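Participant: Once you've had a glance at the structure underneath, I'll fire off some questions.
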Amino acid sequence: MTFVQVIDCRTSKVDELNKLMDHWVEATRGKRTATHSMVGRDRSDPTHVVEIVEFPSYEEAMRNSHLPETDRIFQELVAACDEAPRFTDLEVLRDEQLNKAVVRRFFEKVANERDLDAVDDLCTADYRHHDPSMSSYDLGAEQAKQEYREFLEAFEQTFTVESLTAEGDTVCARLTYEGRHVGAYRGMQPTDREISSTCQATFRLEGGRIAESWWNSDDLGVIKQLGVYAS
């Protein structure tokens, strides 16, 4: 279970605290178990600083706290604070990365359930689709839906989301898919051959909807599996 530690400080030496964090990151390289660290300052009180550190589990947090580098820099942090820092240890009960959930639903509804109308709900009205394998690198929602349909009906794929990575308003997806060539696709008559391939896509979201996407897939690998191209 994900574990989060919140460190609540009061200090007039914010720059010094930032330098201490830089030193800790460098000193614990290859040793630390923390996966994410965030430092924020209270807009209404510039001496109030909060650090939030995320770990895979409580046990990993304890391993991290027992590192000599962590202990040394913690003592320096205490010295830089106007009063003793306060710690809050949190077992994460719910962790929803909302943009990730939208992208995952896109693959569930549009790709695997073949519900092309879901694009209208999941994407913005001015959605733009970028994919070198499409008829144009810059497609609007309606044209993208038409070309999705041709591709999905031709190969009857099932997509698996292997990983999703989110940063700001962007989500990157790593995908695999398997299917069978059962319909005509861009002049290629059905071969009834099974295919499997990989794909990566990056999504930009606005207001909880997908506003833009960029796609890269192993099209050459699929063509080879269909027997159309031989190296």
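In the structure tokens, chains take letters A, B, ... by order of appearance, with residues numbered from 1 within each chain and ligands from 1 in the order shown.
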I'd like the contact shell of A:Gly40 - 7 Å cut-off, only C-alpha atoms, skipping same-chain residues fewer than 4 positions apart - returned as a PyMOL selection string.

Facilitator: chain A and resi 49-51

Participant: Excluding same-chain residues fewer than 3 positions from stretch 185-192 of chain A, what lies within 7 Å of it counting only C-alpha atoms, as a VMD selection string?

Facilitator: chain A and resid 150 to 151 154 180 to 182 226

Participant: With N, CA and C atoms retained, could you export that selection as an mmCIF file, in the first residue's frame?

Facilitator:
```
data_model
loop_
_atom_site.group_PDB
_atom_site.id
_atom_site.type_symbol
_atom_site.label_atom_id
_atom_site.label_comp_id
_atom_site.auth_asym_id
_atom_site.auth_seq_id
_atom_site.Cartn_x
_atom_site.Cartn_y
_atom_site.Cartn_z
ATOM 1 N N GLU A 150 -12.356 1.882 -39.271
ATOM 2 C CA GLU A 150 -11.779 1.037 -40.321
ATOM 3 C C GLU A 150 -10.704 0.121 -39.747
ATOM 4 N N PHE A 151 -9.849 0.670 -38.917
ATOM 5 C CA PHE A 151 -8.742 -0.083 -38.331
ATOM 6 C C PHE A 151 -9.260 -1.164 -37.377
ATOM 7 N N ALA A 154 -11.129 -3.999 -39.183
ATOM 8 C CA ALA A 154 -10.266 -4.823 -40.026
ATOM 9 C C ALA A 154 -9.473 -5.847 -39.216
ATOM 10 N N ARG A 180 -6.920 -10.246 -35.327
ATOM 11 C CA ARG A 180 -6.915 -11.078 -36.526
ATOM 12 C C ARG A 180 -7.356 -10.214 -37.696
ATOM 13 N N HIS A 181 -6.694 -10.371 -38.832
ATOM 14 C CA HIS A 181 -6.990 -9.560 -40.008
ATOM 15 C C HIS A 181 -8.220 -10.148 -40.711
ATOM 16 N N VAL A 182 -9.399 -9.581 -40.398
ATOM 17 C CA VAL A 182 -10.659 -10.142 -40.904
ATOM 18 C C VAL A 182 -11.371 -9.226 -41.896
ATOM 19 N N LEU A 226 1.374 -9.856 -41.821
ATOM 20 C CA LEU A 226 0.346 -10.122 -42.820
ATOM 21 C C LEU A 226 0.926 -10.730 -44.094
#
```

Participant: Would you mind telling me which residue in A:Pro46, A:Gly140, A:Gly30, A:Pro85 lies nearest to A:Val6 when using only C-alpha atoms?

Facilitator: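 Ranking A:Pro46, A:Gly140, A:Gly30, A:Pro85 by distance to A:Val6, first place goes to A:Pro85.
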
Participant: Tell me, in Å to one decimal, how far atom CA of A:Gly221 is from atom CA of A:Ala141.

Facilitator: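 Atom CA of A:Ala141 lies 26.9 Å from atom CA of A:Gly221.
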
Participant: Pick out the residues sitting within 12 Å of A:Lys100, and hand them over as a VMD selection string; count only C-alpha atoms, and ignore anything fewer than 4 positions along from it in its own chain.

Facilitator: chain A and resid 95 to 96 104 to 107 161 163 to 173 202 to 205 208 to 210

Participant: Would you output that residue set with N, CA and C atoms, as a CSV table (one decimal), in the first residue's frame?

Facilitator:
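Full text of selection_11.csv as output:
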```csv
chain,number,residue,atom,x,y,z
A,95,ASP,N,-6.2,6.7,-4.3
A,95,ASP,CA,-5.2,7.4,-5.1
A,95,ASP,C,-5.8,7.5,-6.5
A,96,GLU,N,-6.5,8.5,-6.9
A,96,GLU,CA,-7.1,8.6,-8.2
A,96,GLU,C,-6.3,9.7,-9.0
A,104,ARG,N,-7.5,5.6,-19.7
A,104,ARG,CA,-7.8,4.1,-19.6
A,104,ARG,C,-9.2,3.9,-20.1
A,105,ARG,N,-10.1,4.7,-19.8
A,105,ARG,CA,-11.5,4.6,-20.2
A,105,ARG,C,-11.6,4.7,-21.8
A,106,PHE,N,-10.8,5.5,-22.3
A,106,PHE,CA,-10.7,5.7,-23.8
A,106,PHE,C,-10.4,4.3,-24.4
A,107,PHE,N,-9.4,3.6,-23.9
A,107,PHE,CA,-9.1,2.3,-24.5
A,107,PHE,C,-10.1,1.3,-24.2
A,161,VAL,N,-3.5,-2.1,-21.8
A,161,VAL,CA,-2.7,-1.0,-21.3
A,161,VAL,C,-1.6,-1.5,-20.4
A,163,SER,N,1.1,0.3,-19.3
A,163,SER,CA,1.5,1.3,-18.3
A,163,SER,C,1.0,2.6,-18.7
A,164,LEU,N,0.7,3.4,-17.7
A,164,LEU,CA,0.3,4.8,-17.9
A,164,LEU,C,1.2,5.7,-17.0
A,165,THR,N,1.7,6.8,-17.6
A,165,THR,CA,2.5,7.7,-16.9
A,165,THR,C,2.0,9.1,-17.1
A,166,ALA,N,1.7,9.8,-15.9
A,166,ALA,CA,1.1,11.1,-16.0
A,166,ALA,C,2.0,12.2,-15.5
A,167,GLU,N,2.0,13.3,-16.1
A,167,GLU,CA,2.8,14.5,-15.7
A,167,GLU,C,2.0,15.8,-16.1
A,168,GLY,N,1.5,16.5,-15.2
A,168,GLY,CA,0.8,17.7,-15.5
A,168,GLY,C,-0.5,17.3,-16.3
A,169,ASP,N,-0.7,17.9,-17.4
A,169,ASP,CA,-1.9,17.6,-18.2
A,169,ASP,C,-1.7,16.6,-19.3
A,170,THR,N,-0.6,15.8,-19.2
A,170,THR,CA,-0.2,14.9,-20.2
A,170,THR,C,-0.1,13.5,-19.6
A,171,VAL,N,-0.7,12.5,-20.4
A,171,VAL,CA,-0.6,11.1,-20.0
A,171,VAL,C,0.0,10.3,-21.1
A,172,CYS,N,1.0,9.5,-20.8
A,172,CYS,CA,1.7,8.6,-21.8
A,172,CYS,C,1.2,7.2,-21.6
A,173,ALA,N,0.9,6.5,-22.6
A,173,ALA,CA,0.4,5.1,-22.6
A,173,ALA,C,1.3,4.2,-23.3
A,202,THR,N,0.6,9.5,-26.6
A,202,THR,CA,0.6,10.6,-25.6
A,202,THR,C,-0.6,11.4,-25.7
A,203,PHE,N,-1.3,11.7,-24.6
A,203,PHE,CA,-2.5,12.4,-24.6
A,203,PHE,C,-2.4,13.7,-23.8
A,204,ARG,N,-2.9,14.8,-24.3
A,204,ARG,CA,-3.0,16.1,-23.6
A,204,ARG,C,-4.5,16.3,-23.2
A,205,LEU,N,-4.7,16.6,-21.9
A,205,LEU,CA,-6.1,16.7,-21.5
A,205,LEU,C,-6.4,18.2,-21.0
A,208,GLY,N,-10.5,17.5,-17.9
A,208,GLY,CA,-11.0,16.2,-17.8
A,208,GLY,C,-11.3,15.5,-19.1
A,209,ARG,N,-11.0,16.1,-20.2
A,209,ARG,CA,-11.3,15.5,-21.5
A,209,ARG,C,-10.0,15.5,-22.4
A,210,ILE,N,-9.9,14.6,-23.3
A,210,ILE,CA,-8.7,14.5,-24.1
A,210,ILE,C,-8.8,15.6,-25.2
```

Participant: Can you pull out every residue within 8 Å of A:Pro56, counting only C-alpha atoms, but drop anything in the same chain fewer than 2 positions away, and send it as an MDAnalysis selection string?

Facilitator: chainID A and resid 1:3 33:35 54 58 60:61

Participant: Mind writing the picked residues with N, CA and C atoms as a PDB file, in the first residue's frame?

Facilitator:
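Listed below is the output, selection.pdb:
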```pdb
ATOM      1  N   MET A   1       0.844  -1.195   0.000  1.00  0.00           N
ATOM      2  CA  MET A   1       0.000   0.000   0.000  1.00  0.00           C
ATOM      3  C   MET A   1       0.879   1.245   0.000  1.00  0.00           C
ATOM      4  N   THR A   2       0.572   2.203  -0.866  1.00  0.00           N
ATOM      5  CA  THR A   2       1.351   3.440  -0.930  1.00  0.00           C
ATOM      6  C   THR A   2       1.323   4.153   0.415  1.00  0.00           C
ATOM      7  N   PHE A   3       2.475   4.715   0.783  1.00  0.00           N
ATOM      8  CA  PHE A   3       2.634   5.408   2.063  1.00  0.00           C
ATOM      9  C   PHE A   3       3.144   6.816   1.788  1.00  0.00           C
ATOM     10  N   THR A  33      14.365   4.962  -1.226  1.00  0.00           N
ATOM     11  CA  THR A  33      13.155   4.248  -1.629  1.00  0.00           C
ATOM     12  C   THR A  33      12.004   5.206  -1.919  1.00  0.00           C
ATOM     13  N   ALA A  34      12.188   6.488  -1.676  1.00  0.00           N
ATOM     14  CA  ALA A  34      11.149   7.475  -1.991  1.00  0.00           C
ATOM     15  C   ALA A  34      10.966   7.544  -3.509  1.00  0.00           C
ATOM     16  N   THR A  35       9.712   7.658  -3.948  1.00  0.00           N
ATOM     17  CA  THR A  35       9.422   7.704  -5.382  1.00  0.00           C
ATOM     18  C   THR A  35       8.975   9.082  -5.855  1.00  0.00           C
ATOM     19  N   GLU A  54       6.475  10.458  -1.050  1.00  0.00           N
ATOM     20  CA  GLU A  54       5.719   9.238  -1.320  1.00  0.00           C
ATOM     21  C   GLU A  54       6.651   8.035  -1.392  1.00  0.00           C
ATOM     22  N   TYR A  58       4.938   1.464   3.778  1.00  0.00           N
ATOM     23  CA  TYR A  58       5.482   1.910   5.067  1.00  0.00           C
ATOM     24  C   TYR A  58       6.866   1.309   5.286  1.00  0.00           C
ATOM     25  N   GLU A  60       9.096   0.441   3.108  1.00  0.00           N
ATOM     26  CA  GLU A  60      10.102   1.126   2.290  1.00  0.00           C
ATOM     27  C   GLU A  60      10.429   2.506   2.873  1.00  0.00           C
ATOM     28  N   ALA A  61       9.434   3.159   3.461  1.00  0.00           N
ATOM     29  CA  ALA A  61       9.686   4.452   4.109  1.00  0.00           C
ATOM     30  C   ALA A  61      10.632   4.286   5.288  1.00  0.00           C
TER      31      ALA A  61
END
```

Participant: Name the residues in contact with A:Glu156 at a cut-off of 10 Å, using only C-alpha atoms, excluding same-chain residues fewer than 6 positions from it; report them as a PyMOL selection string.

Facilitator: chain A and resi 111-112+114+177-183+194-195
